[in-house]
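Report on the following structure.
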Amino acid sequence: MMEQTGTCSGIENYSRYFDQRQPGEPPTTLIDYFPDDFLLVIDESHMTIPQIGGMYAGDRSRKEKLVDHGFRLPSAFDNRPLRFDEFYRKVGQTIFVSATPAQFEIDRSTKNNAISGSTVPYDAVIRQFIRPTGLLDPEIEVRKPAGQIKDLMKEISARVEKGQRVLVTTLTKRMAEELTEYLQENGIKVAYIHSDVETLERTNILHALRLGEHDVLVGINLLREGLDLPEVSLVAILDADKEGFLRSKTSLIQTIGRAARHNEGKVIMYASSITDSMRAAIEETKERRKIQEEYNRQHGIVPQTITKTLKPKEEKEEKKLLEINTAFKKLPGKEKKKIIAELSELMHQAAEELEFERAATLRDQIIRLESL
């Protein structure tokens, strides 16, 4: 194909032959082009490290079916992400950044550094709790689940009167849907966010919350990116005592942090008992409050709620894109191509202006429209 047409679809699956690698030998990646003394910073390491570890397994699982059924040659296995051990051997000095580091990061951030084997004369685990704004971690209150919805509505009303917002996290989709419906029936401006909500619609829901079009946001997993909402002063955690991924110490601390952008931040956990994860999260939060309070006292700092300006122009564009997505299927082929071309131009313009998040959103929209 290369000799006859100059191109070959899926040629990357045969890269092992071009690189003259042996079966199973790792491919060359971007990290191989870095200088020997490069510094690696892994943000949100409690999530990123597992993702790095899972890339190889996910890629292998997908390709096994293709190879087994004859759609790919076995060499496709070697066009792959690095295994975690291969990745980790290639890195040197590393900084893990996380509000809730996992044991992996802690174990490898000791004085006897596990990456280089060298000994350093300082503690390699740095706890950075001080906020320049003086904001304290939110107060936490544990309440019994009996009458929790009535109690929650009372708390919501108190926050709405002050122009503040509320996040409510549940464990199941059904409960989230029923709670949202119930709150709506009682006159509360509420939105429901879940895994099926598309990227653009999700962005619009969050903008609407900040603008006051919604006062309450109900969700199952509110740990995802994009929930930096300074207007939120209350986070309610239902079924806080049901141990599991979304009620682990790490997840609880992350969820608690959603109320840490407001000087009246508060978290209510509805639970019949206090689990080990709850206790650990509460103690960690109390310690952080104590450290910040002492710093504020010593330096005369009065906590100030974070102020973030909305960008109405971008919000308007995002709503317009969502409307296009809804009506796109009804358009003739020529019109579809025209819209995709216009979105591509907007994407390149956003990238040139270094607005990479917006460019990525536009890219996702283009991919979605092209698949319709």
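Scheme for the structure tokens: letters A, B, ... for chains in order shown; per-chain residue numbers from 1; ligand numbers from 1 in order shown.
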| Which parts of segment 91-309 of chain A does DSSP call strand (DSSP E) when run on the backbone here, written out as an NGL selection string? | :A and (94-97 or 139-143 or 165-169 or 190-193 or 216-219 or 232-237 or 266-270)
| message | Residues within 8 Å of segment 52-69 of chain A, please, as a list of chain:residue names. Count only C-alpha atoms; anything in the same chain fewer than 3 positions from it doesn't count. | response |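 Returned residues: A:Thr48, A:Ile49, A:Arg72, A:Leu73, A:Pro74, A:Ala76, A:Phe77, A:Arg80, A:Pro81, A:Leu82, A:Arg83, A:Phe84.
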With N, CA and C atoms retained, export the selected residues as a compact mmCIF listing (two decimals), in the first residue's frame.
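selection-v4.txt, written as the output of this step:
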# COMPACT_ATOMS: atom_id res chain seq x y z
N THR A 48 -4.58 10.35 38.53
CA THR A 48 -3.74 10.20 37.34
C THR A 48 -2.93 8.92 37.36
N ILE A 49 -2.36 8.57 38.50
CA ILE A 49 -1.54 7.35 38.59
C ILE A 49 -2.33 6.10 38.20
N ARG A 72 -6.73 -7.52 13.02
CA ARG A 72 -5.40 -6.91 13.19
C ARG A 72 -4.37 -8.02 13.27
N LEU A 73 -3.15 -7.71 12.85
CA LEU A 73 -2.03 -8.63 13.03
C LEU A 73 -1.55 -8.55 14.48
N PRO A 74 -0.90 -9.58 14.98
CA PRO A 74 -0.40 -9.55 16.37
C PRO A 74 0.52 -8.37 16.66
N ALA A 76 -0.04 -5.45 16.24
CA ALA A 76 -0.84 -4.33 16.76
C ALA A 76 -0.70 -4.19 18.27
N PHE A 77 -0.41 -5.33 18.94
CA PHE A 77 -0.24 -5.28 20.40
C PHE A 77 0.91 -4.36 20.81
N ARG A 80 1.21 0.57 21.44
CA ARG A 80 0.47 0.59 22.70
C ARG A 80 1.00 1.65 23.66
N PRO A 81 0.23 1.94 24.71
CA PRO A 81 0.76 2.77 25.80
C PRO A 81 1.80 1.98 26.58
N LEU A 82 2.59 2.67 27.35
CA LEU A 82 3.56 2.00 28.21
C LEU A 82 2.85 1.31 29.37
N ARG A 83 3.36 0.16 29.78
CA ARG A 83 2.92 -0.41 31.05
C ARG A 83 3.41 0.50 32.16
N PHE A 84 2.79 0.42 33.33
CA PHE A 84 3.16 1.35 34.39
C PHE A 84 4.61 1.18 34.80
| query | What residues in segment 81-247 of chain A get the DSSP label helix (DSSP H, G or I)? Please answer as a PyMOL selection string. | reply | chain A and resi 84-90+103-107+148-161+173-185+199-211+245-247
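Atom CA of His207 of chain A to atom CA of Ala350 of chain A spans 19.5 Å [interatomic distance, one decimal].
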| Near segment 288-305 of chain A, counting only C-alpha atoms, which residues have an atom at most 8 Å away, once you skip same-chain residues fewer than 6 positions from it, shown as a list in words? | Phe129, Ile130, Arg131, Thr133, Gly134, Leu135, Leu136, Asp137, Pro138, Pro230, Arg261, His262 and Asn263 of chain A
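Excluding Met1 of chain A itself and any same-chain residue fewer than 5 positions from it, the protein and nucleic acid residues within 12 Å of it, counting only C-alpha atoms, are Gly6, Thr7, Cys8, Ser9, Gly10 and Ile11 of chain A.
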Using only N, CA, C and O atoms, please write the residues we just selected to a file, as a PDB file, in the first residue's frame.
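Output file out_13.pdb is given in full below:
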ATOM      1  N   GLY A   6       1.155   5.457  -1.274  1.00  0.00           N
ATOM      2  CA  GLY A   6       1.834   6.399  -0.380  1.00  0.00           C
ATOM      3  C   GLY A   6       1.206   6.491   0.993  1.00  0.00           C
ATOM      4  O   GLY A   6       1.711   7.177   1.874  1.00  0.00           O
ATOM      5  N   THR A   7       0.087   5.809   1.190  1.00  0.00           N
ATOM      6  CA  THR A   7      -0.562   5.794   2.497  1.00  0.00           C
ATOM      7  C   THR A   7      -1.004   4.376   2.822  1.00  0.00           C
ATOM      8  O   THR A   7      -1.159   3.538   1.931  1.00  0.00           O
ATOM      9  N   CYS A   8      -1.221   4.145   4.113  1.00  0.00           N
ATOM     10  CA  CYS A   8      -1.702   2.833   4.556  1.00  0.00           C
ATOM     11  C   CYS A   8      -2.502   3.031   5.831  1.00  0.00           C
ATOM     12  O   CYS A   8      -1.946   3.418   6.868  1.00  0.00           O
ATOM     13  N   SER A   9      -3.809   2.828   5.734  1.00  0.00           N
ATOM     14  CA  SER A   9      -4.676   2.992   6.901  1.00  0.00           C
ATOM     15  C   SER A   9      -4.270   2.022   7.999  1.00  0.00           C
ATOM     16  O   SER A   9      -4.117   0.822   7.763  1.00  0.00           O
ATOM     17  N   GLY A  10      -4.093   2.550   9.212  1.00  0.00           N
ATOM     18  CA  GLY A  10      -3.712   1.708  10.349  1.00  0.00           C
ATOM     19  C   GLY A  10      -2.264   1.297  10.355  1.00  0.00           C
ATOM     20  O   GLY A  10      -1.893   0.327  11.025  1.00  0.00           O
ATOM     21  N   ILE A  11      -1.411   2.056   9.639  1.00  0.00           N
ATOM     22  CA  ILE A  11       0.003   1.677   9.555  1.00  0.00           C
ATOM     23  C   ILE A  11       0.684   1.679  10.923  1.00  0.00           C
ATOM     24  O   ILE A  11       1.685   0.980  11.140  1.00  0.00           O
TER      25      ILE A  11
END
| query | Can you list, as a PyMOL selection string, every protein, DNA or RNA residue that comes within 9 Å of segment 368-371 of chain A when you count only C-alpha atoms, leaving out same-chain residues fewer than 2 positions away? | reply | chain A and resi 325+328-329+336-337+340+363-366
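Proximity to segment 153-167 of chain A at 7 Å, evaluated using only C-alpha atoms and with sequence-adjacent residues fewer than 2 positions away removed, yields Ile149, Lys150, Asp151, Thr169, Asp215, Val216, Leu217, Val218, Glu231, Val232, Ser233, Leu234, Val235 and Ala236 of chain A.
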Same residues, N, CA, C and O atoms, saved as a compact mmCIF listing (two decimals), in the first residue's frame:
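Okay, out-v5.txt is ready:
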# COMPACT_ATOMS: atom_id res chain seq x y z
N ILE A 149 -34.79 14.48 54.08
CA ILE A 149 -35.22 15.32 52.95
C ILE A 149 -35.85 16.61 53.45
O ILE A 149 -35.56 17.70 52.92
N LYS A 150 -36.68 16.49 54.46
CA LYS A 150 -37.30 17.69 55.06
C LYS A 150 -36.21 18.60 55.63
O LYS A 150 -36.24 19.83 55.47
N ASP A 151 -35.25 17.99 56.32
CA ASP A 151 -34.15 18.74 56.90
C ASP A 151 -33.31 19.40 55.80
O ASP A 151 -32.91 20.57 55.93
N THR A 169 -25.16 15.14 46.93
CA THR A 169 -24.65 13.93 46.29
C THR A 169 -25.35 12.70 46.86
O THR A 169 -25.48 12.54 48.07
N ASP A 215 -30.51 26.72 41.95
CA ASP A 215 -29.96 26.93 43.30
C ASP A 215 -29.32 25.66 43.85
O ASP A 215 -28.49 25.72 44.75
N VAL A 216 -29.73 24.52 43.31
CA VAL A 216 -29.25 23.23 43.82
C VAL A 216 -28.81 22.35 42.66
O VAL A 216 -29.45 22.33 41.60
N LEU A 217 -27.72 21.64 42.86
CA LEU A 217 -27.24 20.67 41.88
C LEU A 217 -27.19 19.30 42.57
O LEU A 217 -26.53 19.14 43.58
N VAL A 218 -27.91 18.34 42.00
CA VAL A 218 -27.94 16.98 42.52
C VAL A 218 -27.12 16.08 41.61
O VAL A 218 -27.23 16.17 40.38
N GLU A 231 -19.75 29.85 44.56
CA GLU A 231 -21.07 30.21 45.12
C GLU A 231 -21.62 29.12 46.03
O GLU A 231 -22.57 29.36 46.77
N VAL A 232 -21.05 27.93 45.97
CA VAL A 232 -21.55 26.80 46.76
C VAL A 232 -21.09 26.94 48.22
O VAL A 232 -19.90 26.97 48.50
N SER A 233 -22.07 27.00 49.12
CA SER A 233 -21.74 27.11 50.55
C SER A 233 -22.16 25.88 51.34
O SER A 233 -21.82 25.75 52.51
N LEU A 234 -22.93 25.00 50.70
CA LEU A 234 -23.38 23.80 51.41
C LEU A 234 -23.26 22.58 50.51
O LEU A 234 -23.69 22.60 49.35
N VAL A 235 -22.67 21.53 51.05
CA VAL A 235 -22.62 20.23 50.38
C VAL A 235 -23.31 19.22 51.29
O VAL A 235 -22.92 19.06 52.45
N ALA A 236 -24.34 18.56 50.76
CA ALA A 236 -25.06 17.54 51.52
C ALA A 236 -24.71 16.17 50.95
O ALA A 236 -24.84 15.94 49.74
